[in-house]
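Student: The structure's right below; bear with me while I get my questions together.
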Protein chains: 2
Amino acid sequence: MVQTVPNRGSVSRATMKDVAALARVSLKTVSRVINDEPTVNVELVERVRRAASQLHYQPHLGASALRRRDGRSSTIAVLLEDLSNPFSAVIYRVLEEMSIARGVSVLGGSFDEDPQRERELTLRMSRYRVDGVIIAPASRDHQYLRQEQLAGVPFVFIDRPPHLLDADAVLSDSRVGTRDGVKHLMKHGHDRIAFLGDLTTIFTAQERFNGYSDALAIGGLTVDPRLVVRDLRTVEAAQAAAGALLDSSNAPTAFFAARNPLTVGTVRAIRERGLQKDIALVGCDDFLLADLLEPAITVVAQDPLAIAREAATLLFARIDGENGPSQKKIIEMTFIARGSGEIRPVPSPSLR
Amino acid sequence: MVQTVPNRGSVSRATMKDVAALARVSLKTVSRVINDEPTVNVELVERVRRAASQLHYQPHLGASALRRRDGRSSTIAVLLEDLSNPFSAVIYRVLEEMSIARGVSVLGGSFDEDPQRERELTLRMSRYRVDGVIIAPASRDHQYLRQEQLAGVPFVFIDRPPHLLDADAVLSDSRVGTRDGVKHLMKHGHDRIAFLGDLTTIFTAQERFNGYSDALAIGGLTVDPRLVVRDLRTVEAAQAAAGALLDSSNAPTAFFAARNPLTVGTVRAIRERGLQKDIALVGCDDFLLADLLEPAITVVAQDPLAIAREAATLLFARIDGENGPSQKKIIEMTFIARGSGEIRPVPSPSLR
DNA sequence: TTGAAAGCGCTAACAA
DNA sequence: TTGTTAGCGCTTTCAA
């Protein structure tokens, strides 16, 4: 019954023609039954269904898409920075869920902040004739997508807005979120707050830096460039940068880390030096177990679930023919105080 | 230049025919150039390339697949429990990476341990005529995939083996890994070790329980059913179960948590009671920040990277025509001592 | 080396 | 209500 050698390609799949022959009806009648068209005699429906099931018939979506007027492939593309990072993974999962409910499958892609790869992946998706695209872009020039748009493919940008292209977008209010996070530190007496940021080319990284500047300005402080380190990508880079700051003669009393891995790197640097009770820290983006660290990490959290839901809603509306002006949805960030952001500055000039 | 209203569907895509007309060659010559067939005059190649680029031509993979002999869709399916959990996310990401390198895209799906959904999703993938499938199944009967296999679609099972179906598999050595983890606790003086496990229907969950029994047997101990709680799915459920055990009259001195969320739930229960210095814990599966908790969590780690690499290698070999007997690859687990597993039992009979 | 004709599996348009 | 014919965009086959 169960064979030892996987039997490959020995049997070809049944087609509508085969089903039609077995059910003794025309090809078109099978097509009608498969597509649930109501104008078919119940008896024939029954006969076709039986034949299809007997032959294990599975419709060929590609062939169907090729011929239909709308050309729909029942596929969307979801292109994110890195599907293995928790923020992206949650977004992907929600999009998948909402797509499945519509009978649509998801082609996924990651491009790690590489604009060149973004372009390649996106244009590759066009070869699959996806019905729509949700993208968190790495590049800052999206004119190359214009042709796709003209061909009728809707794009929804998430996390970062489109540049030189008119398209829907769902964004977090990073600037305000960061501003509030930094203000929170200032309220607790800090005036030497370091900022660790991601690539300056990334929209949200820039927004977060702006929010940091805003907060300082509101408090009558100015940005001290010696306390700002940007273009950090990894836990290790952030750990090194935070460590160097802590070891310097004018060490900060608090950190704002503008992205998950940078927060983790900062925690490590602070821990290494045994300063976890003395140095304050607010992170951007929540992460699993942030509440189990000691002290627990205060963060400004994005809402990946809400972002994904909004994005899917916008995309499917476009796919269904909505063609009003492009929409921009802003999802607010949430401040979560847990301990690390409520540490007051240690009065002594030398911390160690 | 940039319009206000996204222009949808106003322009149709260029086809090979259009490119042929512009380049003043036949359709077939365009096909040859697009497919990099060597037998085309350089001058014509140049002309076709120019025309294609001018028209923003993108080949239609669906149409191509429909006609070609091998019917390849340049697509594989990756079906996992939940793409938003870190273990799955890493696997997905690696598979995506290896696929892209071959010019193949990935259709993803999650089915949350629901056998019914597994079946629906997998059969849906068949409508896309995917070239192969990588699956971490929820069900224990995979005969329904037989037809797909016969139609030439290779399947590679990961994390859990195929049942009633002959197919390749890449598995972790959960039983041995767990056994070693539990033995480690016994070596540190524990003889009342609780086991928290996932759904008993899940292969790996069963294997891990067997490993636990093995370790106890080797040490001359027997399984105390009052210390075993299974069918736990969430952090909250594990937290409640671990808490109840800790509060009981014969509380364990150590825990083995057979899956990530269960480990986290156990940590929470122990913390709530201020017992983190008294109760030992070994978790199955590593997780981010396990080393930053206090105490840091000792785990038996799987290697999702290696699993994904092996699985992709097997799958692509099958796609390339390899048709030897089905393979079974076992990936060893790694023991990582970090502190929580090295706590010795507190001598006093009442811990609190 | 290049091209013309047929047809992959399906749906649109129309006829019976 | 059912069937026939044409053709979606491409590759195969075969002829030039």
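Ordering of the structure tokens sets the chain letters (A, B, ...), residue numbers begin anew at 1 in every chain, and ligands are numbered from 1 in the order given.
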Show me, as a PyMOL selection string, every residue of chain B with an atom at most 8 Å from chain A, counting only C-alpha atoms.
Tutor: chain B and resi 2-13+56+58-63+66+82-86+89-90+92-93+96+105-110+126-129+147+149-154+164-167+268+289+292-294+323-326
Student: Check every residue of chain D for an atom within 7 Å of chain A, counting only C-alpha atoms (C1' of nucleotides), and provide those that qualify as number ranges by chain.
Tutor: D: 1, 3, 8
Student: Let's see if you can do this: from backbone DSSP, list all strand (DSSP E or B) residues in region 67-316 of chain B, as a PyMOL selection string.
Tutor: chain B and resi 75-80+105-110+132-135+155-158+168-172+193-196+228-229+254-257+280-284+296+298-301
Student: Can those selected residues be exported to a file as a compact mmCIF listing (two decimals), in the first residue's frame so that it contains N, CA and C atoms?
Tutor:
```
# COMPACT_ATOMS: atom_id res chain seq x y z
N THR B 75 7.72 27.83 -8.24
CA THR B 75 7.12 28.13 -6.94
C THR B 75 7.20 26.90 -6.06
N ILE B 76 7.53 27.07 -4.79
CA ILE B 76 7.37 25.97 -3.84
C ILE B 76 6.47 26.43 -2.70
N ALA B 77 5.90 25.48 -1.99
CA ALA B 77 5.07 25.82 -0.84
C ALA B 77 5.82 25.48 0.43
N VAL B 78 5.72 26.35 1.42
CA VAL B 78 6.30 26.09 2.73
C VAL B 78 5.17 26.20 3.76
N LEU B 79 4.81 25.06 4.31
CA LEU B 79 3.65 24.99 5.19
C LEU B 79 4.09 24.64 6.60
N LEU B 80 3.93 25.59 7.50
CA LEU B 80 4.43 25.40 8.86
C LEU B 80 3.32 25.65 9.86
N SER B 105 10.06 31.16 -6.13
CA SER B 105 9.44 31.93 -5.05
C SER B 105 8.68 31.01 -4.12
N VAL B 106 8.40 31.52 -2.92
CA VAL B 106 7.82 30.70 -1.87
C VAL B 106 6.39 31.13 -1.53
N LEU B 107 5.47 30.19 -1.62
CA LEU B 107 4.12 30.40 -1.12
C LEU B 107 4.07 29.87 0.30
N GLY B 108 3.73 30.73 1.26
CA GLY B 108 3.76 30.33 2.66
C GLY B 108 2.38 30.04 3.21
N GLY B 109 2.33 29.18 4.21
CA GLY B 109 1.06 28.90 4.86
C GLY B 109 1.26 28.44 6.30
N SER B 110 0.34 28.83 7.17
CA SER B 110 0.39 28.41 8.58
C SER B 110 -0.90 27.70 8.89
N GLY B 132 7.14 21.86 -5.48
CA GLY B 132 7.51 21.03 -4.34
C GLY B 132 6.94 21.62 -3.07
N VAL B 133 6.93 20.81 -2.02
CA VAL B 133 6.33 21.25 -0.76
C VAL B 133 7.23 20.89 0.41
N ILE B 134 7.44 21.85 1.30
CA ILE B 134 8.09 21.57 2.57
C ILE B 134 7.04 21.76 3.65
N ILE B 135 6.85 20.74 4.46
CA ILE B 135 5.73 20.77 5.39
C ILE B 135 6.11 20.26 6.78
N PHE B 155 7.61 15.99 -1.69
CA PHE B 155 7.32 16.52 -0.36
C PHE B 155 8.51 16.27 0.55
N VAL B 156 8.89 17.28 1.33
CA VAL B 156 9.88 17.07 2.38
C VAL B 156 9.24 17.46 3.70
N PHE B 157 9.21 16.51 4.61
CA PHE B 157 8.63 16.75 5.93
C PHE B 157 9.71 17.28 6.86
N ILE B 158 9.38 18.28 7.64
CA ILE B 158 10.35 18.74 8.64
C ILE B 158 9.71 18.73 10.02
N ASP B 168 10.61 12.20 2.00
CA ASP B 168 11.81 12.64 2.71
C ASP B 168 11.43 13.35 4.01
N ALA B 169 12.34 13.30 4.98
CA ALA B 169 12.07 13.97 6.25
C ALA B 169 13.36 14.50 6.87
N VAL B 170 13.27 15.63 7.52
CA VAL B 170 14.38 16.21 8.28
C VAL B 170 13.87 16.47 9.69
N LEU B 171 14.44 15.74 10.66
CA LEU B 171 13.91 15.81 12.02
C LEU B 171 15.01 16.15 13.03
N SER B 172 14.60 16.72 14.14
CA SER B 172 15.53 16.90 15.26
C SER B 172 15.51 15.65 16.11
N ILE B 193 11.32 15.90 39.04
CA ILE B 193 11.40 16.77 37.86
C ILE B 193 10.06 16.75 37.13
N ALA B 194 9.45 17.91 37.05
CA ALA B 194 8.17 18.00 36.35
C ALA B 194 8.39 18.08 34.84
N PHE B 195 7.41 17.57 34.08
CA PHE B 195 7.46 17.66 32.62
C PHE B 195 6.25 18.42 32.12
N LEU B 196 6.48 19.49 31.37
CA LEU B 196 5.38 20.21 30.73
C LEU B 196 5.47 19.98 29.23
N VAL B 228 3.51 15.42 35.69
CA VAL B 228 3.47 15.53 34.23
C VAL B 228 2.20 16.26 33.80
N VAL B 229 2.37 17.34 33.07
CA VAL B 229 1.21 18.03 32.50
C VAL B 229 1.44 18.17 31.00
N ALA B 254 12.49 20.73 40.04
CA ALA B 254 12.99 21.12 38.72
C ALA B 254 11.90 20.91 37.68
N PHE B 255 12.02 21.67 36.56
CA PHE B 255 11.08 21.55 35.44
C PHE B 255 11.83 21.24 34.15
N PHE B 256 11.20 20.40 33.34
CA PHE B 256 11.62 20.34 31.94
C PHE B 256 10.43 20.82 31.12
N ALA B 257 10.63 21.92 30.39
CA ALA B 257 9.56 22.49 29.57
C ALA B 257 9.84 22.15 28.12
N ALA B 280 14.99 24.62 39.51
CA ALA B 280 15.77 24.46 38.28
C ALA B 280 14.83 24.34 37.08
N LEU B 281 15.35 24.72 35.90
CA LEU B 281 14.54 24.68 34.69
C LEU B 281 15.42 24.43 33.48
N VAL B 282 15.02 23.46 32.68
CA VAL B 282 15.65 23.27 31.37
C VAL B 282 14.55 23.35 30.33
N GLY B 283 14.77 24.13 29.29
CA GLY B 283 13.76 24.30 28.24
C GLY B 283 14.17 23.59 26.98
N CYS B 284 13.17 23.27 26.17
CA CYS B 284 13.46 22.68 24.87
C CYS B 284 13.23 23.77 23.83
N ALA B 296 19.91 32.94 33.68
CA ALA B 296 19.78 32.66 32.25
C ALA B 296 19.27 31.23 32.08
N THR B 298 18.83 27.56 30.78
CA THR B 298 19.50 26.42 30.17
C THR B 298 18.53 25.73 29.22
N VAL B 299 18.98 25.44 28.00
CA VAL B 299 18.08 24.83 27.02
C VAL B 299 18.73 23.71 26.24
N VAL B 300 17.89 22.90 25.64
CA VAL B 300 18.31 21.98 24.60
C VAL B 300 17.82 22.61 23.31
N ALA B 301 18.73 23.01 22.45
CA ALA B 301 18.36 23.83 21.30
C ALA B 301 18.26 23.02 20.02
```
Student: Could you please determine the separation between CA of Gly265 (chain A) and CA of Phe209 (chain A) in Å, to one decimal place?
Tutor: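 Taking CA of Gly265 (chain A) and CA of Phe209 (chain A), their separation equals 18.1 Å.
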Student: Can you work out which residues from chain C touch chain B at a cut-off of 9 Å (counting only C-alpha atoms (C1' of nucleotides)) and hand them back as a count of residues only?
Tutor: 6
